[in-house]
Structures are given as structure tokens and as C-alpha cells.
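A.B. asks: coords-v4.cif (mmCIF, C-alpha atoms) pasted underneath:
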data_final
loop_
_atom_site.label_atom_id
_atom_site.label_comp_id
_atom_site.auth_asym_id
_atom_site.auth_seq_id
_atom_site.Cartn_x
_atom_site.Cartn_y
_atom_site.Cartn_z
CA MET X 62 72.52 215.82 161.26
CA SER X 63 76.18 214.92 160.81
CA PHE X 64 77.61 212.95 157.90
CA ILE X 65 79.94 209.95 157.93
CA ALA X 66 83.62 210.89 157.85
CA THR X 67 86.36 208.54 156.66
CA PRO X 68 90.03 208.91 157.63
CA GLN X 69 92.56 208.66 154.80
CA PHE X 70 96.33 208.31 154.82
CA MET X 71 98.95 209.57 152.39
CA HIS X 72 102.53 208.31 152.50
CA PHE X 73 105.57 210.32 151.43
CA ASP X 74 108.90 208.61 150.72
CA GLU X 75 110.87 211.76 149.94
CA ALA X 76 112.48 213.70 152.79
CA LEU X 77 110.83 216.88 154.06
CA PRO X 78 113.47 219.48 155.00
CA LEU X 79 112.71 221.04 158.38
CA THR X 80 113.39 224.53 159.72
CA SER X 81 115.87 223.12 162.24
CA GLY X 82 118.12 221.78 159.48
CA ALA X 83 116.98 218.21 160.10
CA SER X 84 114.62 216.34 157.81
CA ILE X 85 112.05 213.56 158.02
CA ARG X 86 111.43 210.94 155.38
CA ASP X 87 109.16 207.97 154.85
CA TYR X 88 106.32 209.63 156.74
CA THR X 89 102.52 209.48 156.63
CA LEU X 90 99.89 212.20 156.95
CA ALA X 91 96.37 211.38 158.13
CA TYR X 92 93.65 213.51 156.58
CA GLU X 93 89.92 213.71 155.88
CA THR X 94 87.95 215.43 153.14
CA TYR X 95 84.34 216.57 153.05
CA GLY X 96 82.30 217.76 150.09
CA THR X 97 83.27 217.59 146.42
CA LEU X 98 86.17 219.25 144.63
CA ASN X 99 84.75 221.19 141.71
CA ALA X 100 85.95 220.83 138.13
CA ASP X 101 88.51 223.64 138.24
CA LYS X 102 89.54 222.79 141.80
CA SER X 103 88.77 226.29 143.02
CA ASN X 104 86.61 225.47 146.06
CA ALA X 105 89.17 223.85 148.37
CA VAL X 106 89.32 224.86 152.04
CA LEU X 107 92.19 223.70 154.24
CA VAL X 108 91.44 223.55 157.97
CA CYS X 109 94.50 223.72 160.24
CA HIS X 110 94.16 222.26 163.72
CA ALA X 111 95.20 223.50 167.16
CA LEU X 112 97.11 221.77 169.96
CA ASN X 113 95.03 218.72 170.83
CA ALA X 114 92.84 218.47 167.73
CA SER X 115 93.35 216.42 164.57
CA HIS X 116 92.32 215.84 160.97
CA HIS X 117 88.85 214.78 162.19
CA VAL X 118 87.32 218.21 161.75
CA ALA X 119 83.69 217.37 161.00
CA GLY X 120 81.23 214.52 160.65
CA VAL X 121 81.09 211.31 162.69
CA TYR X 122 82.70 207.91 162.34
CA GLU X 123 80.36 205.14 161.34
CA GLY X 124 79.25 203.06 164.30
CA GLN X 125 80.93 205.40 166.79
CA PRO X 126 78.41 207.55 168.68
CA LYS X 127 79.66 210.89 170.01
CA SER X 128 82.54 210.91 167.53
CA GLU X 129 81.79 214.34 166.05
CA GLY X 130 84.72 216.24 164.59
CA TRP X 131 86.12 219.07 166.69
CA TRP X 132 84.60 221.78 164.45
CA ASP X 133 81.45 219.90 163.44
CA ASN X 134 79.31 222.83 164.59
CA MET X 135 80.96 225.03 161.96
CA ILE X 136 81.64 222.71 159.02
CA GLY X 137 79.22 220.49 157.15
CA PRO X 138 76.17 220.51 154.85
CA GLY X 139 74.31 223.80 155.25
CA LYS X 140 76.66 225.05 157.98
CA ALA X 141 78.83 228.17 158.00
CA VAL X 142 81.49 226.35 155.97
CA ASP X 143 79.04 224.58 153.72
CA THR X 144 80.31 221.29 152.31
CA HIS X 145 77.65 221.52 149.59
CA LYS X 146 79.77 224.38 148.26
CA PHE X 147 83.30 223.71 149.53
CA PHE X 148 85.73 220.81 149.42
CA VAL X 149 87.14 220.81 152.95
CA ILE X 150 90.44 219.15 153.90
CA GLY X 151 91.62 218.46 157.44
CA VAL X 152 95.23 217.29 157.94
CA ASN X 153 96.81 215.86 161.08
CA ASN X 154 100.19 217.50 161.54
CA LEU X 155 103.52 215.72 161.75
CA GLY X 156 104.45 214.94 165.34
CA SER X 157 100.84 214.55 166.41
CA CYS X 158 99.36 211.38 167.87
CA PHE X 159 96.23 210.94 165.79
CA GLY X 160 97.49 209.06 162.75
CA SER X 161 100.24 211.11 161.14
CA THR X 162 103.85 210.10 161.77
CA GLY X 163 104.88 211.08 165.28
CA PRO X 164 107.18 210.18 168.17
CA MET X 165 105.36 206.90 168.80
CA HIS X 166 106.20 205.59 165.31
CA THR X 167 109.28 203.82 163.96
CA ASN X 168 112.22 205.82 162.68
CA PRO X 169 113.03 204.29 159.25
CA ASP X 170 116.72 205.11 159.70
CA THR X 171 117.12 203.15 162.95
CA GLY X 172 114.24 200.69 163.08
CA GLU X 173 113.50 201.98 166.61
CA ILE X 174 110.65 204.06 167.95
CA TYR X 175 111.40 207.77 167.47
CA GLY X 176 110.59 208.78 171.04
CA SER X 177 112.78 211.68 172.10
CA SER X 178 114.65 211.62 168.77
CA PHE X 179 111.65 212.81 166.77
CA PRO X 180 112.78 216.08 165.14
CA VAL X 181 111.44 219.39 166.40
CA VAL X 182 108.84 220.69 163.96
CA THR X 183 107.62 224.24 163.40
CA VAL X 184 104.47 225.86 162.05
CA GLU X 185 106.38 226.46 158.82
CA ASP X 186 107.25 222.75 158.57
CA TRP X 187 103.60 221.80 159.00
CA VAL X 188 102.57 224.22 156.27
CA ASN X 189 105.12 222.74 153.87
CA ALA X 190 103.90 219.22 154.67
CA GLN X 191 100.31 220.31 154.07
CA ALA X 192 101.36 221.85 150.75
CA ARG X 193 102.84 218.52 149.65
CA LEU X 194 99.56 216.78 150.42
CA LEU X 195 97.65 219.38 148.39
CA ASP X 196 100.08 218.81 145.53
CA ARG X 197 99.17 215.12 145.57
CA LEU X 198 95.47 216.03 145.56
CA GLY X 199 96.06 218.22 142.51
CA ILE X 200 95.06 221.43 144.31
CA GLU X 201 97.21 224.34 143.19
CA GLN X 202 95.39 227.09 145.07
CA LEU X 203 93.17 227.19 148.14
CA ALA X 204 89.94 229.14 148.18
CA VAL X 205 90.44 229.50 151.95
CA VAL X 206 92.95 228.43 154.56
CA LEU X 207 91.22 228.41 157.94
CA GLY X 208 92.34 227.86 161.51
CA GLY X 209 91.77 228.82 165.13
CA SER X 210 94.44 229.38 167.79
CA LEU X 211 97.57 227.47 166.67
CA GLY X 212 95.60 226.66 163.52
CA GLY X 213 95.28 230.38 162.89
CA MET X 214 99.06 230.70 163.05
CA GLN X 215 99.30 228.05 160.34
CA ALA X 216 96.72 229.88 158.23
CA LEU X 217 98.72 233.10 158.56
CA SER X 218 101.93 231.28 157.71
CA TRP X 219 100.33 229.83 154.57
CA THR X 220 99.86 233.36 153.22
CA LEU X 221 103.56 234.07 153.73
CA GLN X 222 105.11 230.77 152.64
CA HIS X 223 102.79 230.15 149.70
CA PRO X 224 101.25 233.56 148.92
CA ASP X 225 100.12 232.56 145.43
CA ARG X 226 98.33 229.46 146.69
CA THR X 227 95.95 231.20 149.13
CA ARG X 228 93.06 233.40 147.99
CA HIS X 229 91.57 233.88 151.46
CA ALA X 230 92.81 233.31 155.01
CA VAL X 231 90.48 233.09 158.00
CA VAL X 232 92.41 233.47 161.26
CA VAL X 233 90.38 232.92 164.44
CA ALA X 234 91.43 233.57 168.06
CA SER X 235 95.10 233.67 167.15
CA ALA X 236 98.20 235.85 167.39
CA PRO X 237 101.33 236.80 165.41
CA ASN X 238 103.45 235.18 168.16
CA LEU X 239 103.18 234.10 171.78
CA THR X 240 103.59 236.52 174.65
CA ALA X 241 106.10 235.76 177.41
CA GLU X 242 103.17 234.72 179.62
CA ASN X 243 102.00 232.18 177.06
CA ILE X 244 105.48 230.74 176.66
CA ALA X 245 105.63 230.52 180.46
CA PHE X 246 102.40 228.51 180.62
CA ASN X 247 103.79 226.14 177.99
CA GLU X 248 107.04 225.72 179.89
CA VAL X 249 105.30 224.90 183.18
CA ALA X 250 103.21 222.29 181.36
CA ARG X 251 106.30 220.80 179.72
CA ARG X 252 108.13 220.64 183.04
CA ALA X 253 105.20 218.77 184.54
CA ILE X 254 105.65 216.15 181.83
CA VAL X 255 109.44 215.83 181.70
CA THR X 256 109.75 215.57 185.50
CA ASP X 257 107.25 212.71 185.65
CA PRO X 258 109.32 209.61 186.58
CA ASP X 259 107.52 207.68 183.85
CA PHE X 260 108.74 210.06 181.13
CA HIS X 261 112.18 208.41 180.87
CA GLY X 262 113.66 211.27 178.86
CA GLY X 263 110.95 210.89 176.23
CA ASP X 264 111.61 207.19 175.61
CA PHE X 265 108.83 205.87 177.84
CA TYR X 266 107.47 203.65 175.04
CA ALA X 267 110.32 201.18 175.60
CA HIS X 268 109.34 200.96 179.28
CA ASN X 269 105.65 200.30 178.52
CA VAL X 270 104.56 203.22 180.68
CA ILE X 271 102.87 206.57 180.09
CA PRO X 272 103.77 209.76 181.99
CA GLN X 273 100.14 210.30 182.91
CA ARG X 274 100.82 212.36 186.01
CA GLY X 275 102.65 214.96 183.98
CA LEU X 276 100.05 214.92 181.22
CA ARG X 277 97.26 215.42 183.73
CA ILE X 278 98.91 218.50 185.23
CA ALA X 279 99.78 219.89 181.79
CA ARG X 280 96.15 219.59 180.72
CA MET X 281 94.87 221.16 183.94
CA ILE X 282 97.16 224.16 183.44
CA GLY X 283 96.11 224.51 179.82
CA HIS X 284 92.43 224.18 180.57
CA ILE X 285 92.54 227.03 183.07
CA THR X 286 93.91 229.31 180.36
CA TYR X 287 91.22 228.32 177.84
CA LEU X 288 88.35 229.49 180.07
CA SER X 289 87.45 233.00 181.13
CA ASP X 290 87.19 233.95 184.78
CA ASP X 291 83.49 234.77 184.29
CA VAL X 292 82.68 231.36 182.83
CA MET X 293 84.64 229.55 185.52
CA ASN X 294 82.86 231.46 188.27
CA GLU X 295 79.45 231.03 186.66
CA LYS X 296 79.94 227.31 186.09
CA PHE X 297 81.64 226.38 189.35
CA GLY X 298 81.95 229.35 191.69
CA ARG X 299 82.94 228.09 195.12
CA GLN X 300 80.64 225.09 194.98
CA LEU X 301 81.73 222.09 196.99
CA ARG X 302 81.71 218.66 195.47
CA GLU X 303 79.96 216.85 198.28
CA GLY X 304 77.51 218.53 200.60
CA ILE X 305 78.21 221.87 202.18
CA ASP X 306 80.81 221.08 204.80
CA LEU X 307 84.54 221.52 204.40
CA LYS X 308 86.60 218.43 205.11
CA TYR X 309 89.63 220.39 206.31
CA SER X 310 91.89 218.22 204.13
CA THR X 311 94.79 219.17 201.91
CA GLN X 312 94.42 216.02 199.79
CA ASP X 313 90.71 215.51 199.12
CA VAL X 314 88.93 216.94 196.10
CA GLU X 315 86.49 219.34 197.73
CA PHE X 316 85.60 222.07 195.23
CA GLN X 317 83.72 221.42 191.99
CA ILE X 318 86.43 223.19 189.99
CA GLU X 319 89.01 220.77 191.40
CA SER X 320 86.88 217.82 190.36
CA TYR X 321 86.40 219.27 186.87
CA LEU X 322 90.10 219.91 186.31
CA ARG X 323 91.05 216.44 187.51
CA TYR X 324 88.46 214.91 185.20
CA GLN X 325 89.84 216.87 182.23
CA GLY X 326 93.39 215.87 183.15
CA ASP X 327 92.51 212.19 183.54
CA LYS X 328 90.70 212.10 180.21
CA PHE X 329 93.51 213.87 178.35
CA SER X 330 96.19 211.56 179.77
CA GLU X 331 94.38 208.56 178.34
CA TYR X 332 94.61 209.62 174.69
CA PHE X 333 97.34 212.24 174.20
CA ASP X 334 101.04 211.58 173.72
CA ALA X 335 103.55 213.29 176.02
CA ASN X 336 106.19 213.89 173.34
CA THR X 337 103.52 215.29 171.04
CA TYR X 338 102.59 217.78 173.75
CA LEU X 339 106.21 218.93 173.99
CA LEU X 340 106.57 219.23 170.22
CA ILE X 341 103.36 221.16 169.61
CA THR X 342 103.84 223.61 172.46
CA ARG X 343 107.38 224.26 171.25
CA ALA X 344 106.06 224.94 167.73
CA LEU X 345 103.73 227.48 169.33
CA ASP X 346 106.66 229.11 171.14
CA TYR X 347 108.77 229.34 167.99
CA PHE X 348 106.18 230.88 165.66
CA ASP X 349 107.17 234.48 165.00
CA PRO X 350 107.01 235.63 161.37
CA ALA X 351 108.36 239.07 162.30
CA LYS X 352 111.53 237.66 163.83
CA GLY X 353 113.37 237.99 160.52
CA THR X 354 112.24 241.58 159.94
CA GLY X 355 113.44 243.16 163.17
CA ASP X 356 110.08 242.51 164.83
CA ASN X 357 108.36 244.60 162.15
CA LEU X 358 105.09 242.76 161.58
CA THR X 359 104.05 245.09 158.76
CA LEU X 360 107.21 244.22 156.85
CA ALA X 361 106.81 240.52 157.65
CA LEU X 362 103.28 240.41 156.24
CA ALA X 363 104.11 242.41 153.11
CA LYS X 364 104.44 239.24 151.02
CA ALA X 365 100.87 238.09 151.78
CA ARG X 366 98.47 238.39 148.83
CA ALA X 367 95.35 236.80 150.29
CA LYS X 368 92.19 238.51 151.50
CA PHE X 369 91.81 238.12 155.26
CA MET X 370 89.11 237.58 157.82
CA LEU X 371 90.15 237.76 161.49
CA VAL X 372 87.96 236.93 164.48
CA SER X 373 88.70 237.44 168.15
CA PHE X 374 86.73 237.12 171.40
CA THR X 375 86.58 239.75 174.14
CA THR X 376 87.20 237.36 177.06
CA ASP X 377 90.00 235.40 175.40
CA TRP X 378 92.95 236.43 177.53
CA ARG X 379 95.33 233.84 176.11
CA PHE X 380 94.97 235.12 172.52
CA SER X 381 93.43 238.50 173.23
CA PRO X 382 91.74 240.76 170.67
CA LYS X 383 94.76 243.06 170.94
CA ARG X 384 96.88 240.38 169.25
CA SER X 385 94.43 240.01 166.36
CA ARG X 386 94.34 243.77 165.95
CA GLU X 387 98.14 243.75 165.59
CA ILE X 388 97.71 241.49 162.55
CA VAL X 389 94.86 243.63 161.19
CA LYS X 390 96.94 246.80 161.46
CA ALA X 391 99.96 245.21 159.75
CA LEU X 392 97.77 244.00 156.90
CA LEU X 393 96.08 247.39 156.52
CA ASP X 394 99.51 249.04 156.49
CA ASN X 395 100.19 246.83 153.48
CA LYS X 396 96.83 247.84 151.94
CA ARG X 397 95.49 244.29 152.08
CA ASP X 398 91.79 243.43 152.03
CA VAL X 399 90.90 242.72 155.69
CA SER X 400 87.68 242.04 157.58
CA TYR X 401 87.70 241.90 161.38
CA ALA X 402 85.11 240.79 163.92
CA GLU X 403 85.55 241.11 167.67
CA ILE X 404 82.87 238.97 169.30
CA ASP X 405 81.65 239.87 172.79
CA ALA X 406 81.51 236.30 174.12
CA PRO X 407 82.00 235.07 177.70
CA HIS X 408 83.74 231.78 176.97
CA GLY X 409 87.41 232.74 176.82
CA HIS X 410 89.72 231.09 174.30
CA ASP X 411 87.38 228.11 173.93
CA ALA X 412 84.86 230.44 172.26
CA PHE X 413 86.32 229.66 168.85
CA LEU X 414 85.09 226.07 169.19
CA LEU X 415 81.61 226.93 170.46
CA THR X 416 78.36 227.89 168.77
CA ASP X 417 77.72 231.60 169.17
CA SER X 418 75.13 232.99 166.74
CA ARG X 419 77.14 236.14 166.02
CA TYR X 420 80.34 234.17 165.44
CA VAL X 421 78.65 231.59 163.23
CA GLY X 422 76.89 234.40 161.35
CA VAL X 423 80.15 236.21 160.66
CA MET X 424 81.82 233.02 159.45
CA GLY X 425 78.85 232.00 157.31
CA SER X 426 78.61 235.42 155.70
CA TYR X 427 82.30 235.46 154.83
CA PHE X 428 82.28 231.97 153.35
CA ASP X 429 79.12 232.74 151.37
CA GLY X 430 81.02 235.63 149.81
CA VAL X 431 83.93 233.36 148.94
CA ALA X 432 81.56 230.81 147.39
CA LYS X 433 80.14 233.47 145.06
CA GLU X 434 83.61 234.01 143.61
CA PHE X 435 83.92 230.51 142.17
CA ALA X 436 80.19 230.13 141.45
CA ALA X 437 80.17 233.19 139.17
#
Could you render the structure as C-alpha cells?
C.D. replies:
Amino acid sequence: MSFIATPQFMHFDEALPLTSGASIRDYTLAYETYGTLNADKSNAVLVCHALNASHHVAGVYEGQPKSEGWWDNMIGPGKAVDTHKFFVIGVNNLGSCFGSTGPMHTNPDTGEIYGSSFPVVTVEDWVNAQARLLDRLGIEQLAVVLGGSLGGMQALSWTLQHPDRTRHAVVVASAPNLTAENIAFNEVARRAIVTDPDFHGGDFYAHNVIPQRGLRIARMIGHITYLSDDVMNEKFGRQLREGIDLKYSTQDVEFQIESYLRYQGDKFSEYFDANTYLLITRALDYFDPAKGTGDNLTLALAKARAKFMLVSFTTDWRFSPKRSREIVKALLDNKRDVSYAEIDAPHGHDAFLLTDSRYVGVMGSYFDGVAKEFAA
């Protein structure tokens, strides 16, 4: 049974310096909290979201059926991340389109919609913005920073940017940087958006249009990479959408997989912002903590002080187990406390969002151990 979640908003007048050299001021962060912060504020868990997720991590909105948070299967009363024990915080990142200040909002310096002028943000910028929100909440140190995929990159970055504020980091289905292939997928998706005639250079808001064609294609490309070949074949195979006869058409939707991808693309284009997609995929491209250490990940992670739990999935080819093992090795080289689970699951990258008994068991066991630290 899910609980009722309530969105909250925190405004910041002071400018946030960004990695690019730009800054953003007079901005708002949307966030949600679940559970109760204990007296010494030692049970806080920050959940960092991935590309198309938000601060709505768990619970449901009152009067809105089917509004479960994106990680509701993992977080809540009696679940792996037990909100009877932990105070969980979900924050919507700057540049997103789910409540925090983004390209669709007004630039206080011009009085116009940001649009294409919204500054490029990085994983490091998001972490610093999250840290400001925690400051306002009076939380000096996190029991755990947790994230999957792009969220895992943020969790890793927390241990480097604010090493004394993170006791544990749980990094799921993530990587220390993107491979060339991953950057390529992102670029193809971005080109689909920017070449849509309705994009208008990113200032489509003024034209009262949405570049839905580009968004649809971007989502279809992304969705293919989130699934494993086995799952796609098992779920769809070569099934035809209608009957058993080919139509011998180049335009009709004939295969079930075509229908599924178009449905996912249509749905995504109705709620996601095109500029947000560009910003978040670029933040993914840029993340590379070893860039400043001559690509030496061991040296880059030397400043981390947290204990780590990493999880990967065997059929995740976008963020493969090999990438998680790179992080594990670098941490072990630095003699850090590391646990690692490689789950044999068929679901591809999406596995980190799904309910697998072994995965949930690993997460629950680790968080139970963390809870004993502040309960002692």
C-alpha cells in the first residue's frame, strides 16, 4: 500500500555558480520527503534521479490513481529503503521539466522565457544545488546518497564534491563516464529534436508549438537501449500487429515492436520538454570525474570517504557490469569499503527500476545495515 506524497518547493535567490562559468539565480527546486528526520539528523537518504524521472520518487498523489513514484517499489514503509527508518529526499534537478526551474520558465534577468538561453548544467552543478537544499533542511551529512543510471553518477559525484557529507553511496546501473557509443546515441536523439521544424532553435515556446516529432524519435531511440535483446524478443518477437498477413507497406505499423515504440514515443512527447532532453543528455556526456586526473579513475576517486554499494545487471548493455567493476576496482585500489552485486537479470538497463527479488534483497540488506549504525 502506497502513502500520500506531497510536492514541496524551495526558492533560492542567491546565484548558483555553474561549471561552465555561467550562473543561475532566483531559481526553485521541487522536492519531496518521506519518513521522519531523526533527532540528530543522521538518517537522511538523498535519491538522485535519472533522465526522465523527477522528485516524485515514491508514494502516490492524493486523488490521482496510478501516480506512483518512479521508485515506489523500492522506497516506502517496510520496503528495501524503509521510510519507517529513513528520511528520504527526492529532488528535481535544475533544467528539468517537473517543477524545478528549467528552460520553460522565465529568466529573471530578461523577463523572457529561458528557452535556448538556459545555461548548460552538469552533474556537478546538480550536486551543488542539492547540497544547498540540504543546507536549508539542516542536514549536514547524508546517511546514504542513492541513484540509478544518471542518478548513480550524481551519487558518485557527491562522494567527490562533498566527501565529508556522505557516509554511504549506493550506485546502481551506472558508470564512471559514457562510452563513445552512449554519447553517439545521445547525439542521434538530440539531432532528432533540433532538426524538428517545430524546435525553432530551442525557442519553440514563443511559437506555441512543441517539437513532438523529434521527441518521439528521441524516446524511441532511448527506449531501444534500455531493453535487452532477450526481453525485446520475448515480449514482441516478430509478432504482427494485426492478423498474420504482411501489408507490403513501408508506412504502416505492422510489427508489434513498431507499435510499442510509437506508443512510448507518443506518450513521452506529451509530457517531456525538448530543451530539458538536450540539457540532461549533455550532462550525461560531460560527466567524467577522471578527466582531471589524466583518465586515472583510481586517482580521481581517492578523495571519496564514503562506504559504497554498487549494483549492476548482466543484460544492461548501456551501463554494463564492466563499467561498475571499473568503479569497484578504483575504490578498492584506494582501500575503500565496497560491496558489489552483479544481478543476473534479463531486463537490460531498465532492471534497476523493476522488482527482482535478488536485487531488492541486496538493497534491503545493505540499507538494514546502514540503519543499525544510527539506531545503535
A.B. asks: Nearest to Arg379 in chain X: which of X:Val399, X:Ala241, X:Leu198, X:Ile65 is it, counting all atoms listed in the file?
C.D. replies: X:Ala241
A.B. asks: Neighbours of Trp187 in chain X within 8 Å (all atoms listed in the file; same-chain residues fewer than 6 positions away dropped), as an NGL selection string?
C.D. replies: :X and (154-155 or 215)
A.B. asks: Produce a file of the selected residues containing C-alpha atoms, as a PDB file, in the coordinates of the input.
C.D. replies:
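Heads up, here's the output in again.pdb:
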ATOM      1  CA  ASN X 154     100.190 217.500 161.540  1.00  0.00           C
ATOM      2  CA  LEU X 155     103.520 215.720 161.750  1.00  0.00           C
ATOM      3  CA  GLN X 215      99.300 228.050 160.340  1.00  0.00           C
TER       4      GLN X 215
END
A.B. asks: Which of these, X:Glu387, X:Glu331, X:Glu242, X:Asp170, has the shortest distance to Leu358 in chain X once you count all atoms listed in the file?
C.D. replies: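 The closest residue to Leu358 in chain X is X:Glu387.
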A.B. asks: What lies within 12 Å of range 224-230 of chain X using only C-alpha atoms, ignoring chain neighbours under 3 positions off, as a PyMOL selection string?
C.D. replies: chain X and resi 103-109+188-189+191-192+195-196+200-209+212-221+233+362-372+392+397-401+424+427-428+430-432+434-435
A.B. asks: Of the candidates X:Val149, X:Ile318, X:Ala111, X:Ile285, which shows the shortest atom-to-atom distance to Arg299 in chain X, using only C-alpha atoms?
C.D. replies: X:Ile318
A.B. asks: Measuring between only C-alpha atoms, which one of X:Arg277, X:His268, X:His410, X:Arg251 shows the shortest distance to Asp346 in chain X?
C.D. replies: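 Selected residue with least distance to Asp346 in chain X: X:Arg251.
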A.B. asks: So what do you get for CA of Gly96 in chain X versus CA of Phe413 in chain X, distance-wise?
C.D. replies: 22.6 Å
A.B. asks: For CA of His110 in chain X and CA of Met71 in chain X, determine how far apart the two atoms are, in Å to one decimal place.
C.D. replies: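 Here the two named atoms are 17.7 Å from each other.
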A.B. asks: Would you please work out which residue, of X:Ala119, X:Val181, X:Leu98, X:Leu79, is nearest to Phe147 in chain X when using all atoms listed in the file?
C.D. replies: X:Leu98
A.B. asks: Enumerate, as a PyMOL selection string, the residues matched when the PyMOL selection byres ((chain X and resi 244) around 12) is run on the file above.
C.D. replies: chain X and resi 238-243+245-251+283+342-348+379
A.B. asks: Work out how far apart CA of Asp257 in chain X and CA of Ser330 in chain X are and give it in Å to one decimal.
C.D. replies: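 CA of Asp257 in chain X sits 12.6 Å away from CA of Ser330 in chain X.
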